[in-house]
Protein chains: 2
Amino acid sequence: MTYCVAVKLKAGLVFLSDSRTNAGLDQISTFRKMIVYEKPGDRFMCLLSAGNLSISQSVREILQVEQLNDHEGGEPITIWNAKSMFDAARVLGSAVRHVYNRDGESLKRAGVDFNVSMIFGGQVKGEGMRLFQVYSAGNFIEATSETPFFQIGESKYGKPVLDRVITPDTPLDEAAKCLLVSMDSTLKSNLSVGLPLDMAVYEANALKSDRITCIDDNNPYFQMVRRTWGQKLREVFDSIEHPTWDGSPTDVPLMCEGSGRSQPLRKISTPKDKLI
Amino acid sequence: MTYCVAVKLKAGLVFLSDSRTNAGLDQISTFRKMIVYEKPGDRFMCLLSAGNLSISQSVREILQVEQLNDHEGGEPITIWNAKSMFDAARVLGSAVRHVYNRDGESLKRAGVDFNVSMIFGGQVKGEGMRLFQVYSAGNFIEATSETPFFQIGESKYGKPVLDRVITPDTPLDEAAKCLLVSMDSTLKSNLSVGLPLDMAVYEANALKSDRITCIDDNNPYFQMVRRTWGQKLREVFDSIEHPTWDGSPTDVPLMCEGSGRSQPLRKISTPKDKLI
């Protein structure tokens with residue numbers, strides 16, 4: 001499986017991906033799922049991919065030379081000359097459709113779904129930053145200030161902390177930290193998500209990034225985050241009062257007659273008792 | 001959807017269930033998913049159910065009168081006279097199979113899976129406590145000290161805190177608190193899990209329980225847990241150092257040349273660049 005996540009903030013973009021790929025539990029390998037396309041001063045783009053590896057690798061290969069011909073006689077659009085991230089996302093969608101046209105029918109015959117999903121974000125000179133999630137039909141949606149992040153792959157374990165922390169005003173380094181905590185929860189609960197991680201942090205309007213790093217189990221910062229987060233979560237848990245039952249002197253009883261609007265549960269005590 | 005969870009500790013058992021049932025997003029209703037079977041001094045059993053509501057309601061109805069005939073001429077086994085929780089779980093499995101025999105074929109014709117899963121635990125006089133997860137084929141597994149909890153329904157959001165806190169030595173009230181935190185994370189992330197909750201806490205060898213309560217949004221303890229957990233989680237997050245990049249004075253750099261064994265990511269900067 002895979003876990004990839006990206007956020008769009010006022011301050012910039014942050015991308016994070018794991019690198020475990022598996023076909024069943026007995027065939028596990030490491031494939032990087034992030035690619036950065038960069039022409040410093042002109043454009044910065046980052047692509048994260050999940051799903052069937054043969055499809056996502058083909059899409060990535062084709063994407064570099066894919067062309068969209070919008071107007072007859074006009075110059076074809078590629079990710080290298082697109083005037084907007086929206087057009088670049090269309091080129092990516094078109095690359096996905098190319099692979100579908102080539103492989104879709106054969107995969108179907110073999111009983112394999114055409115399964116690929118991607119996160120694609122960045123900035124082209126003259127435009128603001130944009131972040132897209134691209135589906136296996138080549139269609140896509142864009143992140144907004146209400147929903148500033150996208151996740152693909154094993155997304156559930158790592159979502160609660162994103163929901164609690166990420167807003168468009170979150171600073172870049174704080175968002176990077178949040179994504180690493182989100183990844184930690186996912187690594188802890190799903191064996192098919194694994195190290196090393198790739199992280200890219202892009203500062204708004206820089207049109208290039210030097211903050212791209214590969215994080216393996218020797219990384220001192222990620223080691224510290226994993227250790228501290230687990231430890232402190234436990235401390236917070238311990239600091240919350242235990243529940244008490246009727247009659248105990250507390251302001252926050254768990255069981256209290258008449259406080260709730262809902263009926264208490266009836267016990268069944270003979271075979272003839274009927275449920276409500 | 002549904003979220004139900006139960007733990008088996010040395011000190012006793014704790015059960016928690018939500019009560020939202022939905023058929024699509026436009027048909028949402030409240031059904032209680034917990035039933036307690038109790039003959040004080042003789043047996044205490046608690047059943048949590050998830051899956052297709054018509055199946056789980058039928059299973060619960062049939063369970064009260066279901067009989068297993070192991071030996072010709074011997075007394076049939078019911079949940080009310082079973083000498084062990086294992087036998088009671090077999091009676092439950094048999095009730096599931098009865099419903100399958102009655103409805104399975106028709107459901108299949110209608111394109112509906114025979115989908116039901118249950119958690120069933122308790123204690124019968126003369127035996128220790130036991131906790132089972134029962135599948136839609138009527139087969140079941142038992143919790144052990146290595147895996148002291150079971151979840152059914154929407155289990156992912158609420159699993160990380162259980163993994164971090166629950167061991168067989170966890171005290172009863174602490175486990176009750178942990179299940180409520182687990183439920184809070186699930187409620188926050190999945191709209192199809194909803195209040196009120198039913199909670200049952202069973203003390204080892206009591207053979208009855210007075211700690212059974214229904215928790216709705218007026219419950220002062222649950223209100224306190226939800227507020228405090230969210231707030232303190234945020235404080236913990238803020239207390240962890242932000243990542244820093246090469247050159248910054250810190251003991252735990254995020255990016256540091258040569259510290260990792262993994263190759264840094266290559267950027268693609270022209271259409272002719274080849275991926276590794």
# chains A, B, ... in the order shown; residues from 1 in each chain; ligands from 1

$ residues_around --residues "Pro160 (chain A)" --least-positions-apart "5" --cutoff "9 Å" --atoms "only C-alpha atoms" --output "list in words"
Val165 and Ser182 of chain A; Tyr157, Ser185, Thr186, Lys188 and Ser189 of chain B

$ residues_around --residues "Met1 (chain B)" --least-positions-apart "2" --cutoff "10 Å" --atoms "only C-alpha atoms" --output "list in words"
Tyr3, Asp18, Ser19, Arg20, Thr21, Asn22, Ala23, Gly24, Ile28, Ala50, Gly51, Asn52, Gly153, Glu154, Asn190, Leu191, Ser192, Val193 and Gly194 of chain B

$ write_last_selection --atoms "N, CA and C atoms" --output "PDB file, in the first residue's frame"
ATOM      1  N   TYR B   3     -19.418   1.949  14.745  1.00  0.00           N
ATOM      2  CA  TYR B   3     -18.156   1.644  15.389  1.00  0.00           C
ATOM      3  C   TYR B   3     -18.436   1.002  16.742  1.00  0.00           C
ATOM      4  N   ASP B  18     -21.616   2.774  19.095  1.00  0.00           N
ATOM      5  CA  ASP B  18     -22.357   3.954  18.675  1.00  0.00           C
ATOM      6  C   ASP B  18     -23.761   3.491  18.301  1.00  0.00           C
ATOM      7  N   SER B  19     -24.555   4.361  17.685  1.00  0.00           N
ATOM      8  CA  SER B  19     -25.931   3.953  17.383  1.00  0.00           C
ATOM      9  C   SER B  19     -26.430   4.488  16.049  1.00  0.00           C
ATOM     10  N   ARG B  20     -25.504   4.846  15.164  1.00  0.00           N
ATOM     11  CA  ARG B  20     -25.969   5.365  13.869  1.00  0.00           C
ATOM     12  C   ARG B  20     -26.059   4.238  12.854  1.00  0.00           C
ATOM     13  N   THR B  21     -27.160   4.207  12.129  1.00  0.00           N
ATOM     14  CA  THR B  21     -27.336   3.236  11.062  1.00  0.00           C
ATOM     15  C   THR B  21     -27.703   4.021   9.812  1.00  0.00           C
ATOM     16  N   ASN B  22     -27.052   3.701   8.711  1.00  0.00           N
ATOM     17  CA  ASN B  22     -27.418   4.431   7.504  1.00  0.00           C
ATOM     18  C   ASN B  22     -27.488   3.517   6.291  1.00  0.00           C
ATOM     19  N   ALA B  23     -28.395   3.854   5.403  1.00  0.00           N
ATOM     20  CA  ALA B  23     -28.477   3.194   4.111  1.00  0.00           C
ATOM     21  C   ALA B  23     -28.310   4.331   3.114  1.00  0.00           C
ATOM     22  N   GLY B  24     -27.075   4.574   2.723  1.00  0.00           N
ATOM     23  CA  GLY B  24     -26.777   5.774   1.948  1.00  0.00           C
ATOM     24  C   GLY B  24     -26.733   6.969   2.883  1.00  0.00           C
ATOM     25  N   ILE B  28     -30.647   8.089   7.421  1.00  0.00           N
ATOM     26  CA  ILE B  28     -29.853   7.910   8.632  1.00  0.00           C
ATOM     27  C   ILE B  28     -30.792   7.752   9.810  1.00  0.00           C
ATOM     28  N   ALA B  50     -22.496  -5.179  14.079  1.00  0.00           N
ATOM     29  CA  ALA B  50     -22.299  -4.262  12.949  1.00  0.00           C
ATOM     30  C   ALA B  50     -22.697  -4.999  11.682  1.00  0.00           C
ATOM     31  N   GLY B  51     -22.898  -4.242  10.632  1.00  0.00           N
ATOM     32  CA  GLY B  51     -23.227  -4.863   9.343  1.00  0.00           C
ATOM     33  C   GLY B  51     -24.677  -4.575   8.982  1.00  0.00           C
ATOM     34  N   ASN B  52     -25.229  -5.426   8.117  1.00  0.00           N
ATOM     35  CA  ASN B  52     -26.604  -5.263   7.657  1.00  0.00           C
ATOM     36  C   ASN B  52     -27.582  -5.371   8.832  1.00  0.00           C
ATOM     37  N   GLY B 153     -16.801  -2.552  12.381  1.00  0.00           N
ATOM     38  CA  GLY B 153     -17.273  -1.339  11.716  1.00  0.00           C
ATOM     39  C   GLY B 153     -16.099  -0.443  11.344  1.00  0.00           C
ATOM     40  N   GLU B 154     -16.270   0.846  11.522  1.00  0.00           N
ATOM     41  CA  GLU B 154     -15.272   1.846  11.130  1.00  0.00           C
ATOM     42  C   GLU B 154     -14.139   1.876  12.152  1.00  0.00           C
ATOM     43  N   ASN B 190     -15.789  10.322  10.823  1.00  0.00           N
ATOM     44  CA  ASN B 190     -16.763   9.603   9.992  1.00  0.00           C
ATOM     45  C   ASN B 190     -18.184   9.983  10.390  1.00  0.00           C
ATOM     46  N   LEU B 191     -18.858  10.684   9.496  1.00  0.00           N
ATOM     47  CA  LEU B 191     -20.217  11.181   9.750  1.00  0.00           C
ATOM     48  C   LEU B 191     -21.200  10.053  10.015  1.00  0.00           C
ATOM     49  N   SER B 192     -20.907   8.847   9.517  1.00  0.00           N
ATOM     50  CA  SER B 192     -21.880   7.773   9.646  1.00  0.00           C
ATOM     51  C   SER B 192     -21.683   6.971  10.930  1.00  0.00           C
ATOM     52  N   VAL B 193     -20.946   7.555  11.883  1.00  0.00           N
ATOM     53  CA  VAL B 193     -20.863   7.010  13.241  1.00  0.00           C
ATOM     54  C   VAL B 193     -21.436   8.105  14.130  1.00  0.00           C
ATOM     55  N   GLY B 194     -22.406   7.768  14.997  1.00  0.00           N
ATOM     56  CA  GLY B 194     -23.071   8.856  15.714  1.00  0.00           C
ATOM     57  C   GLY B 194     -23.558   8.518  17.105  1.00  0.00           C
TER      58      GLY B 194
END

$ residues_around --residues "region 65-78 of chain A" --least-positions-apart "2" --cutoff "7 Å" --atoms "only C-alpha atoms" --output "list in words"
Ile62, Leu63, Trp80, Asn81, Ala82, Ala88, Val91 and Ala95 of chain A; Pro271 of chain B

$ interface_residues --of "chain B" --to "chain A" --cutoff "6 Å" --atoms "only C-alpha atoms" --output "PDB file with N, CA and C atoms, in the first residue's frame"
ATOM      1  N   VAL B  36     -27.344  -6.584  26.427  1.00  0.00           N
ATOM      2  CA  VAL B  36     -26.771  -7.260  27.585  1.00  0.00           C
ATOM      3  C   VAL B  36     -27.703  -8.386  28.006  1.00  0.00           C
ATOM      4  N   TYR B  37     -27.139  -9.575  28.138  1.00  0.00           N
ATOM      5  CA  TYR B  37     -27.875 -10.737  28.652  1.00  0.00           C
ATOM      6  C   TYR B  37     -27.332 -11.015  30.043  1.00  0.00           C
ATOM      7  N   GLU B  38     -28.188 -11.008  31.034  1.00  0.00           N
ATOM      8  CA  GLU B  38     -27.687 -11.130  32.403  1.00  0.00           C
ATOM      9  C   GLU B  38     -28.622 -11.951  33.270  1.00  0.00           C
ATOM     10  N   LYS B  39     -28.029 -12.978  33.948  1.00  0.00           N
ATOM     11  CA  LYS B  39     -28.705 -13.654  35.063  1.00  0.00           C
ATOM     12  C   LYS B  39     -27.795 -13.428  36.255  1.00  0.00           C
ATOM     13  N   GLN B  64     -31.958 -15.558  21.343  1.00  0.00           N
ATOM     14  CA  GLN B  64     -32.589 -15.807  22.645  1.00  0.00           C
ATOM     15  C   GLN B  64     -33.203 -17.196  22.757  1.00  0.00           C
ATOM     16  N   LYS B 156     -10.572   2.176  11.814  1.00  0.00           N
ATOM     17  CA  LYS B 156      -9.218   2.715  11.657  1.00  0.00           C
ATOM     18  C   LYS B 156      -8.947   3.987  12.450  1.00  0.00           C
ATOM     19  N   TYR B 157      -9.875   4.954  12.402  1.00  0.00           N
ATOM     20  CA  TYR B 157      -9.601   6.228  13.067  1.00  0.00           C
ATOM     21  C   TYR B 157      -9.340   6.039  14.560  1.00  0.00           C
ATOM     22  N   ASP B 173     -11.452   1.622  34.606  1.00  0.00           N
ATOM     23  CA  ASP B 173     -11.886   2.992  34.313  1.00  0.00           C
ATOM     24  C   ASP B 173     -10.985   3.638  33.274  1.00  0.00           C
ATOM     25  N   GLU B 174      -9.688   3.292  33.313  1.00  0.00           N
ATOM     26  CA  GLU B 174      -8.778   3.830  32.307  1.00  0.00           C
ATOM     27  C   GLU B 174      -9.133   3.287  30.925  1.00  0.00           C
ATOM     28  N   THR B 213     -24.403   2.415  30.712  1.00  0.00           N
ATOM     29  CA  THR B 213     -24.927   3.766  30.584  1.00  0.00           C
ATOM     30  C   THR B 213     -25.052   4.157  29.121  1.00  0.00           C
ATOM     31  N   CYS B 214     -25.974   5.067  28.893  1.00  0.00           N
ATOM     32  CA  CYS B 214     -26.167   5.612  27.559  1.00  0.00           C
ATOM     33  C   CYS B 214     -25.628   7.032  27.558  1.00  0.00           C
ATOM     34  N   ASN B 218     -25.354  15.363  25.832  1.00  0.00           N
ATOM     35  CA  ASN B 218     -25.448  16.096  27.096  1.00  0.00           C
ATOM     36  C   ASN B 218     -24.564  15.511  28.183  1.00  0.00           C
ATOM     37  N   PRO B 220     -21.885  14.955  30.675  1.00  0.00           N
ATOM     38  CA  PRO B 220     -20.808  15.866  31.080  1.00  0.00           C
ATOM     39  C   PRO B 220     -19.418  15.247  30.946  1.00  0.00           C
ATOM     40  N   TYR B 221     -19.274  13.957  31.251  1.00  0.00           N
ATOM     41  CA  TYR B 221     -17.943  13.350  31.165  1.00  0.00           C
ATOM     42  C   TYR B 221     -17.453  13.278  29.720  1.00  0.00           C
ATOM     43  N   HIS B 242       9.785  22.361  15.748  1.00  0.00           N
ATOM     44  CA  HIS B 242       9.598  22.322  14.294  1.00  0.00           C
ATOM     45  C   HIS B 242      10.868  21.749  13.646  1.00  0.00           C
ATOM     46  N   VAL B 252      18.681  17.873  16.213  1.00  0.00           N
ATOM     47  CA  VAL B 252      17.832  16.946  15.463  1.00  0.00           C
ATOM     48  C   VAL B 252      17.437  17.529  14.116  1.00  0.00           C
ATOM     49  N   PRO B 253      18.405  17.673  13.198  1.00  0.00           N
ATOM     50  CA  PRO B 253      18.089  18.247  11.891  1.00  0.00           C
ATOM     51  C   PRO B 253      17.203  17.294  11.084  1.00  0.00           C
ATOM     52  N   LEU B 254      16.307  17.860  10.279  1.00  0.00           N
ATOM     53  CA  LEU B 254      15.483  17.035   9.410  1.00  0.00           C
ATOM     54  C   LEU B 254      16.283  16.647   8.180  1.00  0.00           C
ATOM     55  N   MET B 255      17.020  17.626   7.636  1.00  0.00           N
ATOM     56  CA  MET B 255      17.795  17.322   6.431  1.00  0.00           C
ATOM     57  C   MET B 255      19.255  17.405   6.787  1.00  0.00           C
ATOM     58  N   GLY B 260      21.665   9.756   6.190  1.00  0.00           N
ATOM     59  CA  GLY B 260      20.761   8.677   5.801  1.00  0.00           C
ATOM     60  C   GLY B 260      21.453   7.687   4.890  1.00  0.00           C
ATOM     61  N   PRO B 264      19.099  10.666  -1.862  1.00  0.00           N
ATOM     62  CA  PRO B 264      18.175  11.788  -1.974  1.00  0.00           C
ATOM     63  C   PRO B 264      17.435  11.733  -3.309  1.00  0.00           C
ATOM     64  N   LYS B 267      15.784  15.540  -8.919  1.00  0.00           N
ATOM     65  CA  LYS B 267      14.780  16.370  -9.587  1.00  0.00           C
ATOM     66  C   LYS B 267      14.855  16.131 -11.088  1.00  0.00           C
ATOM     67  N   ILE B 268      13.710  16.252 -11.749  1.00  0.00           N
ATOM     68  CA  ILE B 268      13.673  16.190 -13.200  1.00  0.00           C
ATOM     69  C   ILE B 268      13.639  17.630 -13.682  1.00  0.00           C
ATOM     70  N   SER B 269      14.533  17.984 -14.587  1.00  0.00           N
ATOM     71  CA  SER B 269      14.506  19.379 -15.001  1.00  0.00           C
ATOM     72  C   SER B 269      14.368  19.571 -16.502  1.00  0.00           C
ATOM     73  N   PRO B 271      12.623  17.434 -20.260  1.00  0.00           N
ATOM     74  CA  PRO B 271      11.865  16.274 -20.722  1.00  0.00           C
ATOM     75  C   PRO B 271      12.751  15.064 -20.951  1.00  0.00           C
TER      76      PRO B 271
END

$ select_by_dssp --residues "region 44-159 of chain B" --states "strand (DSSP E)" --output "PyMOL selection string"
chain B and resi 44-51+116-124+130-134+140-142+149-153

$ select_by_dssp --residues "region 110-275 of chain B" --states "helix (DSSP H, G or I)" --output "number ranges by chain"
B: 159-165, 172-189, 220-239

$ write_last_selection --atoms "C-alpha atoms" --output "PDB file, in the first residue's frame"
ATOM      1  CA  LYS B 159      -7.225   2.274  16.566  1.00  0.00           C
ATOM      2  CA  PRO B 160      -4.032   4.292  17.238  1.00  0.00           C
ATOM      3  CA  VAL B 161      -5.033   5.245  20.807  1.00  0.00           C
ATOM      4  CA  LEU B 162      -6.038   1.660  21.629  1.00  0.00           C
ATOM      5  CA  ASP B 163      -2.670   0.429  20.332  1.00  0.00           C
ATOM      6  CA  ARG B 164      -0.873   2.914  22.559  1.00  0.00           C
ATOM      7  CA  VAL B 165      -2.861   2.419  25.777  1.00  0.00           C
ATOM      8  CA  LEU B 172     -11.215  -0.752  34.058  1.00  0.00           C
ATOM      9  CA  ASP B 173     -11.886   2.992  34.313  1.00  0.00           C
ATOM     10  CA  GLU B 174      -8.778   3.830  32.307  1.00  0.00           C
ATOM     11  CA  ALA B 175      -9.905   1.430  29.592  1.00  0.00           C
ATOM     12  CA  ALA B 176     -13.369   3.022  29.602  1.00  0.00           C
ATOM     13  CA  LYS B 177     -11.719   6.412  29.109  1.00  0.00           C
ATOM     14  CA  CYS B 178      -9.533   5.027  26.306  1.00  0.00           C
ATOM     15  CA  LEU B 179     -12.549   3.609  24.457  1.00  0.00           C
ATOM     16  CA  LEU B 180     -14.299   6.978  24.699  1.00  0.00           C
ATOM     17  CA  VAL B 181     -11.237   8.743  23.236  1.00  0.00           C
ATOM     18  CA  SER B 182     -11.135   6.121  20.463  1.00  0.00           C
ATOM     19  CA  MET B 183     -14.831   6.757  19.789  1.00  0.00           C
ATOM     20  CA  ASP B 184     -14.248  10.531  19.777  1.00  0.00           C
ATOM     21  CA  SER B 185     -11.631  10.240  16.994  1.00  0.00           C
ATOM     22  CA  THR B 186     -14.044   8.097  14.990  1.00  0.00           C
ATOM     23  CA  LEU B 187     -17.012  10.437  15.489  1.00  0.00           C
ATOM     24  CA  LYS B 188     -14.830  13.344  14.366  1.00  0.00           C
ATOM     25  CA  SER B 189     -13.762  11.692  11.116  1.00  0.00           C
ATOM     26  CA  PRO B 220     -20.808  15.866  31.080  1.00  0.00           C
ATOM     27  CA  TYR B 221     -17.943  13.350  31.165  1.00  0.00           C
ATOM     28  CA  PHE B 222     -17.921  12.701  27.428  1.00  0.00           C
ATOM     29  CA  GLN B 223     -18.172  16.447  26.755  1.00  0.00           C
ATOM     30  CA  MET B 224     -15.139  16.965  28.982  1.00  0.00           C
ATOM     31  CA  VAL B 225     -13.134  14.182  27.280  1.00  0.00           C
ATOM     32  CA  ARG B 226     -13.825  15.517  23.788  1.00  0.00           C
ATOM     33  CA  ARG B 227     -12.907  19.081  24.696  1.00  0.00           C
ATOM     34  CA  THR B 228      -9.811  18.239  26.730  1.00  0.00           C
ATOM     35  CA  TRP B 229      -8.398  15.634  24.342  1.00  0.00           C
ATOM     36  CA  GLY B 230      -8.583  17.969  21.344  1.00  0.00           C
ATOM     37  CA  GLN B 231      -7.091  20.871  23.270  1.00  0.00           C
ATOM     38  CA  LYS B 232      -4.221  18.936  24.851  1.00  0.00           C
ATOM     39  CA  LEU B 233      -3.378  17.083  21.654  1.00  0.00           C
ATOM     40  CA  ARG B 234      -2.850  20.463  20.113  1.00  0.00           C
ATOM     41  CA  GLU B 235      -0.646  21.543  23.031  1.00  0.00           C
ATOM     42  CA  VAL B 236       1.504  18.418  22.641  1.00  0.00           C
ATOM     43  CA  PHE B 237       1.813  19.060  18.931  1.00  0.00           C
ATOM     44  CA  ASP B 238       2.912  22.639  19.584  1.00  0.00           C
ATOM     45  CA  SER B 239       5.458  21.507  22.178  1.00  0.00           C
TER      46      SER B 239
END

$ atom_distance --atom1 "CA of Leu13 (chain A)" --atom2 "CA of Phe31 (chain A)"
22.7 Å
